Amino acid sequence: MSEFTLRLRRYNPESGAPAYWEEHTVELEPHRSVLEAILQAKAQFDGSIGIRCSCRAAICGSCGVRINGRPDLACHTHLDAAQRHSRDGVIEVEPMGNMPIIKDLIVDMEAVHWKKIQRVTPWLIAKQPVPEREYIVPRETMIDVTQSMACIQCGACVSDCLSMEVDPEFIGPAALAKAYRFVGDPRDDQHFERLSDLAEDPHGIYDCTHCFQCIDACPKGVAPMSQIMRLRRLAGSDHKIVDANNGERHEAAFVSLVRQYGLLNEAELLPRSYAGNSPLAKFKPSAQKELVSSLPAIAKALLRRKVTPAAVLKPHKLERSDLQAVKRIYDTIEGRDERVELNLYISGYDEDAEGAATPPAAAATGAGQTSAEPGQPGQTPGGSPTR
Amino acid sequence: MPAHDVLIIGAGLAGQRAALAAAEAQSSVAIMSKVHPVRSHSVAAAGGINAAIAIDDDWTEHAYDTVKGSDFLGDQDAIEIMCSEAPKEAMHLEHIGVTFHRNDNGELDLRAFGGASKKRTAYVADITGQAILHVLYEQLMRFHDTVDRYEEWFATSLILDDDGNCAGAVARDIRTGTMEIFRAKSVILASGGNGQCYKPTTNALICTGDGMAQAYEIGAPLMDMEMVQYHPTTLAENGFLITEGARGEGAHLLNSEGRRFMEDYAPNKMELASRDVVSRAEQTEINEGRGVGPDGQGIYLDITVVPRKRVLESLREIVNIGRDFAGTDITREPIMIRPGQHYIMGGVKTDSDGQTPIPGLYAAGEVACVSVHGGNRLGANSLLDTLIFGRRSGEHAARRATTMAMPSVPASRLRADVDQIASIIGRDHGGRRISEIKDELGALMNEYVAVYRDEAGLTGALETVRRLQEEAASAYIDDRGTVFNQDVLGAIELRYMLTCAETTVVAAIERKESRGAQFRTDYPERDDAQWLKHINITRGADGAPQISDSPVTITQWQPEERKY
C-alpha cells in the first residue's frame with residue numbers, strides 16, 4: 001500500500017461559487033487506478049464528488065477525465081504512473097476539455113460529442129437487396145472496421161482535439177472514426193456519398209491538422225486520426241473527390257512538391273493547389289481568382305515568416321543523394337499493388353517484434369503518459385508452470 | 001407528465017431491442033436509463049452470441065445444450081422459443097450493421113463456447129456486446145423521431161393503479177434533480193442484474209438490482225434467485241472478466257502442478273464444460289491446495305497455446321485487460337484467474353412474452369427470469385436472451401397498447417418519491433456510511449453465498465443481511481444538492497441490493513439440493529423428486545419474503561445425469 005494524493009477539480013453549479021481544487025489522500029496499491037482512488041475518496045471522505053463511472057475496466061467509456069492535463073479514462077490510469085507524471089507528486093484530475101462542465105468531473109457529452117456523432121449519419125444504410133442470410137464479404141473487411149467499432153465513445157479524443165478548439169464546428173476525431181466504420185463496411189450502400197459529404201463539409205475530414213493528439217488520447221487504440229487519413233485517401237486518391245475546401249488539391253500539391261524538392265516548398269503550395277497541380281496552372285484564370293481570395297492567408301504566412309521572398313525565388317532543395325532517397329520512398333509506396341493500412345486488429349501493435357523495444361505503431365496503442373504501461377507491477381504470475 | 005404506450009426502463013441490449021420492436025409496431029415509446037445507453041453493462045459482454053446457423057447445426061441441438069446446461073431447471077418451452085428464433089435474430093443484427101467476424105468464405109464465423117456441442121457462437125473479436133449495443137444505439141439515433149430517450153434518468157418506483165395494473169413509473173432526472181411521473185400503458189423492465197451484491201464481481205457499478213427490487217416491492221415474484229453464476233475466469237485480484245472465448249479459442253486451465261485438471265472433472269469437454277462445472281472444479285483445486293499465486297487462491301489460464309495472431313485479432317480486449325489490469329502479456333505467459341460472481345440466472349418471473357404476473361409489467365434480460373437459464377446459463381446465451389425476449393416484450397407490449405386507454409395517475413403520486421429522497425438527504429450523520437455497508441454485503445455474499453454453500457453459512461448470511469437492511473435505513477450521505485446527486489441514488493441502490501441479496505439467501509436456504517450454480521455441501525446431490533421446481537419469492541404484507549414454488553416446464557428432454 002502507498003499513499004497517493006489527488007487534486008480534484010470541483011465545481012458545483014448550485015453553489016454560485018467558481019470551480020476550485022480540493023485534495024484528498026488515499027491509500028492504495030500503486031497499480032490500482034485513479035478511478036479507484038477517486039471512488040475511495042468519495043466513499044471515505046466526500047460522497048458529493050461527481051464522476052461518471054461504471055465498468056472499472058475501460059469498456060463502458062464513462063470515466064473520461066483529464067489527468068495531469070492529459071485526457072484518459074480514470075480507470076485506465078495506474079496511480080504510480082499518474083504520480084510519476086504529475087507536476088508535484090499530486091495527481092491532478094479535472095474534467096475533459098471542449099465540452100461544457102455540468103458538475104465536478106462530469107461534462108455535457110450530449111452537447112458536443114453526441115451531436116457530432118449524429119452528424120455523420122451513424123447507422124448502416126444497407127446495400128439492397130438485403131440477403132436472406134449474412135452478406136458475403138471478405139474476412140479482412142470486418143476485422144478492419146473492428147478497430148473503429150472498438151471506440152467506446154469516452155470523449156477523450158474530443159477533449160483534446162486542437163482543431164476543435166479552433167473550430168468548434170469540426171466534426172472531430174470520434175465522429176469521423178465512427179464514419180469510417182460505415183465507409184469501410186462493404187455492406188453499406190452509401191460509400192461514395194458518405195465520403196463526398198465528409199470531404200465537402202467545411203468542418204469535415206480536411207479540417208484535421210494531423211496533430212496526433214487523438215491517437216495519443218485514445219485508450220482503446222482506435223487511432224481516430226488514422227481513420228480520418230484513411231477517409232482522405234479514399235476520398236482523394238481513390239475516388240478523386242475534388243472538394244470545395246481545396247482539401248484534395250492541397251494534399252496532391254503537397255505530395256508532388258515533396259517529391260520534387262524533397263521538402264515542402266511553401267511558396268508553391270497555394271498556387272499549385274489551385275487549378276491543376278502543375279507549375280503553370282497558377283496562371284489559369286480560375287486559379288488567379290482563388291489565389292486572390294487566399295491573399296489574407298498569404299499575407300499572414302509572409303508576416304509570420306513561414307514564407308520569405310528569398311525562398312520564393314530560390315526554393316530549398318535537398319542534396320541529390322537525399323532527394324533520390326526521398327524519391328525511392330515514393331516509388332516503393334506507390335509501386336505497391338495495394339495500399340498497406342495499419343490496423344491494430346490485423347497487425348497487432350508489436351507483431352513479430354520479438355523483444356523489439358519500439359512497436360511499429362506505438363502511437364496507436366494509446367501510449368500516452370498516463371496510460372497503463374507494459375511491465376507495470378501487478379498480479380504477475382511467479383514463473384510459468386510447465387506445459 | 002409524459003405518457004407513452006410503452007415505457008422501457010434500462011437501455012442495454014434488452015431495453016434497446018424492446019424499444020426498437022415496440023416502435024416498429026407503431027407504439028409511442030420512451031426508453032429511460034440511469035446511464036447513457038452505451039454505458040449499459042451489456043457493453044461488457046465479450047465472447048459472442050449463440051445461434052444455430054451453421055449448416056450442420058440445428059436449433060434443437062442448441063436447445064438441448066441449453067437445457068442440459070441449466071441442469072434441467074430451465075423451462076423448455078421458453079428455451080425452444082429462444083433457440084429456434086436465434087438464427088433469425090442473429091441475421092437481423094447482421095443486417096442492421098453488427099460487424100460479425102467472417103470465415104475465409106466471407107460467411108459468419110463461429111467459435112466454440114462452454115457447454116455447446118458445436119461451434120455456434122457468432123462474435124465480433126471479444127467486444128461482441130459492445131458492438132451489438134453500439135449498433136442498436138445507432139438504430140435508436142436513426143429512429144430518434146419515434147423513440148423518446150430519457151438518458152441519465154433514474155427510476156425511483158413503479159406505479160400500480162387501483163386495479164393492480166402497472167401504470168408507469170416515477171423517475172428523477174439525474175442532471176437536474178427534477179422528479180416526474182411517466183404514465184405508460186405498459187412498462188418493460190430491462191435494467192439488468194444485481195452483481196454489485198457481491199465483491200468482487202465482473203459486474204459494473206451500475207448493476208444494483210434496481211428492477212428486481214422495484215418489481216418485488218409492488219408484488220411481483222422473483223424466481224430462481226438462488227442461482228448465481230460464478231464465471232470460471234475472472235482476474236484473481238479485482239474480478240475483471242476474461243472472456244470464455246479464450247477457452248473457446250483453445251486456452252487451457254492449469255493448477256499448481258501445471259496439469260490440465262479439468263480432465264478429472266469433465267474428461268470430454270475439458271475447459272469447455274458448463275460454467276458451474278468449471279468454476280466448481282477450480283474452487284475444488286484451490287480448496288485442496290493446488291491453487292497458484294502467493295496465497296494459492298488462483299488458477300492459471302494459459303492462452304499462449306492459441307496462435308498469437310489469432311489472439312491479437314479475436315481476443316484483443318483481454319490482451320488489453322491482461323496488460324493494463326494484471327501486468328501480464330497473455331500472449332506470452334499464463335494469467336492468474338479464479339471463479340468470480342458474474343450473472344444471476346434468477347429475476348422477475350415472466351412468461352415467454354416477458355409478461356410478469358402484474359398486468360402491464362414486463363421484464364427482459366438479466367432482470368428477468370423466463371426461465372431459459374435455469375440453474376446455470378451457458379456462455380453466449382445471455383446476449384441471445386436479452387435480444388429475443390427484449391424484442392418479444394416490445395412486440396407484446398405494443399400489441400397490448402392498442403387494446404386500452406392511457407391509464408391516469410394522480411399527480412400526488414409523486415409525493416412519496418420526492419419525500420423519500422428528501423428524507424435520505426436529511427438523515428443526520430449518526431449512522432454508517434453507505435460504502436461500508438455495501439462492502440460488508442459484497443464480502444458476505446462472496447463468502448457464504450458463493451460456489452459452495454451450506455445451511456450454517458446461509459443462515460448466518462441472512463441474519464447479517466437483515467442487520468445491514470436496518471443499518472442502511474439510517475445510513476447517511478454527504479451530497480445535499482440536486483444536480484447529479486449520485487450520493488442519494490447510491491442510498492436507494494443500496495436498498496435495492498439488500499432486497500435482492502435477501503431473496504437470494506432465502507431461496508438458497510430453501511433449496512436443499514445441489515443443482516446448477518447452487519451447490520450445497522450439506523446436500524451434495526441433485527434431487528429431482530423433491531426439487532425439480534422453481535422457487536418463487538414474493539414480498540409478504542409484512543414485508544417479509546414469502547416462499548412458493550412453480551413447476552418446471554418439460555417438453556421433450558427428461559432430466560438425466562449431467563456429464564461433460
# chains A, B, ... in the order shown; residues from 1 in each chain; ligands from 1
>>> interface_residues(of="chain B", to="chain A", cutoff="6 Å", atoms="only C-alpha atoms", output="ChimeraX atom specification")
/B:39,91,97,99,101-104,106-107,138,204-206,258,312-313,324,326-328,435,478-479,487
>>> select_by_dssp(residues="range 29-257 of chain A", states="strand (DSSP E)", output="PyMOL selection string")
chain A and resi 64-67+70-73+91-94+101-103+106-107
>>> write_last_selection(atoms="N, CA and C atoms", output="JSON list (two decimals), in the first residue's frame")
[["chain", "number", "residue", "atom", "x", "y", "z"],
["A", 64, "GLY", "N", -14.08, 9.27, -18.65],
["A", 64, "GLY", "CA", -13.12, 10.15, -19.32],
["A", 64, "GLY", "C", -12.89, 11.41, -18.50],
["A", 65, "VAL", "N", -11.62, 11.70, -18.21],
["A", 65, "VAL", "CA", -11.25, 12.91, -17.46],
["A", 65, "VAL", "C", -9.88, 13.36, -17.97],
["A", 66, "ARG", "N", -9.40, 14.48, -17.45],
["A", 66, "ARG", "CA", -8.02, 14.85, -17.72],
["A", 66, "ARG", "C", -7.20, 14.56, -16.47],
["A", 67, "ILE", "N", -6.11, 13.83, -16.66],
["A", 67, "ILE", "CA", -5.23, 13.50, -15.54],
["A", 67, "ILE", "C", -3.89, 14.16, -15.82],
["A", 70, "ARG", "N", -3.81, 15.62, -19.23],
["A", 70, "ARG", "CA", -4.00, 14.84, -20.45],
["A", 70, "ARG", "C", -5.21, 13.94, -20.32],
["A", 71, "PRO", "N", -5.94, 13.78, -21.42],
["A", 71, "PRO", "CA", -7.20, 13.01, -21.33],
["A", 71, "PRO", "C", -6.94, 11.51, -21.26],
["A", 72, "ASP", "N", -7.72, 10.84, -20.46],
["A", 72, "ASP", "CA", -7.67, 9.38, -20.40],
["A", 72, "ASP", "C", -8.88, 8.91, -19.58],
["A", 73, "LEU", "N", -9.07, 7.61, -19.52],
["A", 73, "LEU", "CA", -10.06, 7.07, -18.62],
["A", 73, "LEU", "C", -9.43, 6.98, -17.24],
["A", 91, "ILE", "N", -1.60, 13.98, -7.94],
["A", 91, "ILE", "CA", -2.26, 13.61, -9.20],
["A", 91, "ILE", "C", -3.45, 14.56, -9.44],
["A", 92, "GLU", "N", -3.34, 15.29, -10.53],
["A", 92, "GLU", "CA", -4.35, 16.31, -10.80],
["A", 92, "GLU", "C", -5.43, 15.74, -11.72],
["A", 93, "VAL", "N", -6.68, 15.83, -11.30],
["A", 93, "VAL", "CA", -7.77, 15.30, -12.11],
["A", 93, "VAL", "C", -8.80, 16.40, -12.34],
["A", 94, "GLU", "N", -9.11, 16.65, -13.61],
["A", 94, "GLU", "CA", -10.07, 17.69, -13.95],
["A", 94, "GLU", "C", -10.97, 17.18, -15.08],
["A", 101, "ILE", "N", -18.95, 21.90, -18.66],
["A", 101, "ILE", "CA", -18.91, 21.15, -17.41],
["A", 101, "ILE", "C", -20.27, 21.21, -16.73],
["A", 102, "ILE", "N", -20.76, 20.05, -16.27],
["A", 102, "ILE", "CA", -22.04, 20.02, -15.56],
["A", 102, "ILE", "C", -21.78, 20.12, -14.05],
["A", 103, "LYS", "N", -20.91, 19.26, -13.57],
["A", 103, "LYS", "CA", -20.56, 19.27, -12.13],
["A", 103, "LYS", "C", -19.25, 18.52, -11.96],
["A", 106, "ILE", "N", -17.84, 15.87, -14.35],
["A", 106, "ILE", "CA", -18.87, 15.43, -15.30],
["A", 106, "ILE", "C", -19.10, 16.51, -16.36],
["A", 107, "VAL", "N", -18.93, 16.13, -17.63],
["A", 107, "VAL", "CA", -19.14, 17.10, -18.71],
["A", 107, "VAL", "C", -20.38, 16.75, -19.52]]
>>> atom_distance(atom1="CA of Arg120 in chain B", atom2="CA of Asp264 in chain B")
26.0 Å
>>> atom_distance(atom1="CA of Arg400 in chain B", atom2="CA of Met179 in chain B")
27.2 Å
>>> select_by_dssp(residues="range 311-524 of chain B", states="helix (DSSP H, G or I)", output="MDAnalysis selection string")
chainID B and resid 311:314 316:326 365:367 382:401 411:425 434:448 455:472 486:510
>>> atom_distance(atom1="CA of Gly516 in chain B", atom2="CA of Leu378 in chain B")
10.9 Å
>>> residues_around(residues="range 347-356 of chain B", least_positions_apart="6", cutoff="6 Å", atoms="only C-alpha atoms", output="list in words")
Ala78, Met212, Pro221, Leu222, Met223, Tyr362, Ala363, Ala364, Val367, Ala368, Cys369, Val370, Arg392 and Ser393 of chain B
>>> write_last_selection(atoms="N, CA and C atoms", output="mmCIF file, in the first residue's frame")
data_model
loop_
_atom_site.group_PDB
_atom_site.id
_atom_site.type_symbol
_atom_site.label_atom_id
_atom_site.label_comp_id
_atom_site.auth_asym_id
_atom_site.auth_seq_id
_atom_site.Cartn_x
_atom_site.Cartn_y
_atom_site.Cartn_z
ATOM 1 N N ALA B 78 -39.788 -22.123 -23.198
ATOM 2 C CA ALA B 78 -39.117 -20.843 -23.430
ATOM 3 C C ALA B 78 -37.771 -21.048 -24.121
ATOM 4 N N MET B 212 -35.281 -5.592 -10.240
ATOM 5 C CA MET B 212 -35.771 -6.729 -9.439
ATOM 6 C C MET B 212 -36.431 -6.215 -8.165
ATOM 7 N N PRO B 221 -43.335 -11.645 -8.262
ATOM 8 C CA PRO B 221 -42.461 -12.687 -7.718
ATOM 9 C C PRO B 221 -41.083 -12.700 -8.378
ATOM 10 N N LEU B 222 -40.068 -12.984 -7.560
ATOM 11 C CA LEU B 222 -38.730 -13.218 -8.085
ATOM 12 C C LEU B 222 -38.498 -14.728 -8.089
ATOM 13 N N MET B 223 -37.912 -15.228 -9.171
ATOM 14 C CA MET B 223 -37.781 -16.685 -9.343
ATOM 15 C C MET B 223 -36.319 -17.075 -9.513
ATOM 16 N N TYR B 362 -43.683 -5.813 -17.679
ATOM 17 C CA TYR B 362 -42.870 -6.795 -18.391
ATOM 18 C C TYR B 362 -41.446 -6.739 -17.846
ATOM 19 N N ALA B 363 -40.703 -7.796 -18.127
ATOM 20 C CA ALA B 363 -39.278 -7.765 -17.811
ATOM 21 C C ALA B 363 -38.528 -8.573 -18.851
ATOM 22 N N ALA B 364 -37.308 -8.125 -19.174
ATOM 23 C CA ALA B 364 -36.492 -8.831 -20.166
ATOM 24 C C ALA B 364 -35.019 -8.631 -19.870
ATOM 25 N N VAL B 367 -32.566 -8.870 -15.697
ATOM 26 C CA VAL B 367 -33.525 -8.567 -14.627
ATOM 27 C C VAL B 367 -34.629 -9.609 -14.558
ATOM 28 N N ALA B 368 -34.852 -10.309 -15.676
ATOM 29 C CA ALA B 368 -35.978 -11.238 -15.776
ATOM 30 C C ALA B 368 -35.539 -12.675 -15.573
ATOM 31 N N CYS B 369 -36.530 -13.527 -15.308
ATOM 32 C CA CYS B 369 -36.289 -14.957 -15.253
ATOM 33 C C CYS B 369 -37.407 -15.632 -16.024
ATOM 34 N N VAL B 370 -37.111 -16.107 -17.224
ATOM 35 C CA VAL B 370 -38.184 -16.584 -18.125
ATOM 36 C C VAL B 370 -38.687 -18.003 -17.828
ATOM 37 N N ARG B 392 -39.514 -9.692 -27.981
ATOM 38 C CA ARG B 392 -40.851 -10.238 -27.748
ATOM 39 C C ARG B 392 -41.634 -9.379 -26.748
ATOM 40 N N SER B 393 -40.954 -8.854 -25.748
ATOM 41 C CA SER B 393 -41.627 -7.962 -24.792
ATOM 42 C C SER B 393 -42.104 -6.698 -25.491
#
>>> residues_around(residues="range 226-232 of chain A", least_positions_apart="5", cutoff="9 Å", atoms="only C-alpha atoms", output="PyMOL selection string")
chain A and resi 148+173+176-181+183-184+195+198-199+205-206+208+210+212+215+237+247-248+341-342+364
>>> write_last_selection(atoms="N, CA and C atoms", output="CSV table (one decimal), in the first residue's frame")
chain,number,residue,atom,x,y,z
A,148,SER,N,-12.4,0.7,-35.5
A,148,SER,CA,-13.3,1.8,-35.1
A,148,SER,C,-14.5,1.4,-34.3
A,173,PRO,N,-12.6,13.9,-34.1
A,173,PRO,CA,-12.0,12.6,-34.3
A,173,PRO,C,-12.9,11.4,-34.0
A,176,LEU,N,-15.6,11.1,-36.8
A,176,LEU,CA,-15.1,10.7,-38.1
A,176,LEU,C,-14.6,9.3,-38.1
A,177,ALA,N,-14.1,8.9,-36.9
A,177,ALA,CA,-13.7,7.4,-36.8
A,177,ALA,C,-15.0,6.6,-36.9
A,178,LYS,N,-16.0,7.1,-36.3
A,178,LYS,CA,-17.3,6.4,-36.5
A,178,LYS,C,-17.7,6.3,-37.9
A,179,ALA,N,-17.5,7.4,-38.7
A,179,ALA,CA,-17.9,7.5,-40.1
A,179,ALA,C,-17.1,6.4,-40.9
A,180,TYR,N,-15.8,6.2,-40.5
A,180,TYR,CA,-15.0,5.2,-41.2
A,180,TYR,C,-15.6,3.8,-41.0
A,181,ARG,N,-16.2,3.6,-39.9
A,181,ARG,CA,-16.8,2.3,-39.6
A,181,ARG,C,-17.9,2.0,-40.6
A,183,VAL,N,-18.0,3.7,-43.9
A,183,VAL,CA,-17.3,3.8,-45.2
A,183,VAL,C,-16.6,2.6,-45.5
A,184,GLY,N,-15.9,2.0,-44.4
A,184,GLY,CA,-15.1,0.8,-44.6
A,184,GLY,C,-16.0,-0.5,-44.6
A,195,LEU,N,-18.3,9.7,-48.3
A,195,LEU,CA,-17.0,10.3,-48.5
A,195,LEU,C,-17.2,11.7,-49.0
A,198,LEU,N,-18.4,14.1,-46.4
A,198,LEU,CA,-17.4,14.5,-45.4
A,198,LEU,C,-16.3,15.3,-46.0
A,199,ALA,N,-16.0,15.1,-47.3
A,199,ALA,CA,-15.0,15.9,-47.9
A,199,ALA,C,-15.5,17.4,-48.2
A,205,ILE,N,-13.4,16.2,-43.1
A,205,ILE,CA,-12.1,15.5,-43.0
A,205,ILE,C,-10.9,16.4,-43.2
A,206,TYR,N,-11.0,17.4,-44.0
A,206,TYR,CA,-9.9,18.3,-44.2
A,206,TYR,C,-9.6,19.3,-43.2
A,208,CYS,N,-8.9,18.4,-40.1
A,208,CYS,CA,-7.9,17.8,-39.2
A,208,CYS,C,-6.5,18.3,-39.6
A,210,HIS,N,-3.6,16.9,-38.4
A,210,HIS,CA,-2.5,15.9,-38.1
A,210,HIS,C,-1.8,16.1,-36.8
A,212,PHE,N,-2.0,14.5,-34.0
A,212,PHE,CA,-1.8,13.2,-33.3
A,212,PHE,C,-2.4,13.2,-31.9
A,215,ILE,N,-4.8,10.3,-31.3
A,215,ILE,CA,-4.2,9.0,-31.2
A,215,ILE,C,-3.6,8.8,-29.9
A,237,SER,N,-7.5,10.0,-53.2
A,237,SER,CA,-6.8,9.2,-54.1
A,237,SER,C,-7.7,8.2,-54.9
A,247,GLY,N,-9.3,20.7,-50.2
A,247,GLY,CA,-8.5,19.7,-49.4
A,247,GLY,C,-7.8,18.7,-50.3
A,248,GLU,N,-8.5,18.1,-51.3
A,248,GLU,CA,-7.8,17.1,-52.1
A,248,GLU,C,-6.7,17.8,-52.9
A,341,GLU,N,-2.6,-0.6,-45.0
A,341,GLU,CA,-3.2,0.3,-43.9
A,341,GLU,C,-2.9,-0.3,-42.6
A,342,LEU,N,-2.3,0.5,-41.7
A,342,LEU,CA,-2.1,0.0,-40.4
A,342,LEU,C,-3.4,-0.3,-39.6
A,364,ALA,N,-0.5,4.0,-31.9
A,364,ALA,CA,-1.8,3.5,-32.0
A,364,ALA,C,-2.2,2.7,-30.8
>>> residues_around(residues="Leu498 in chain B", least_positions_apart="5", cutoff="10 Å", atoms="only C-alpha atoms", output="PyMOL selection string")
chain B and resi 194+197+208-209+213+437-438+441+465-466+468-469+472+493+503-504
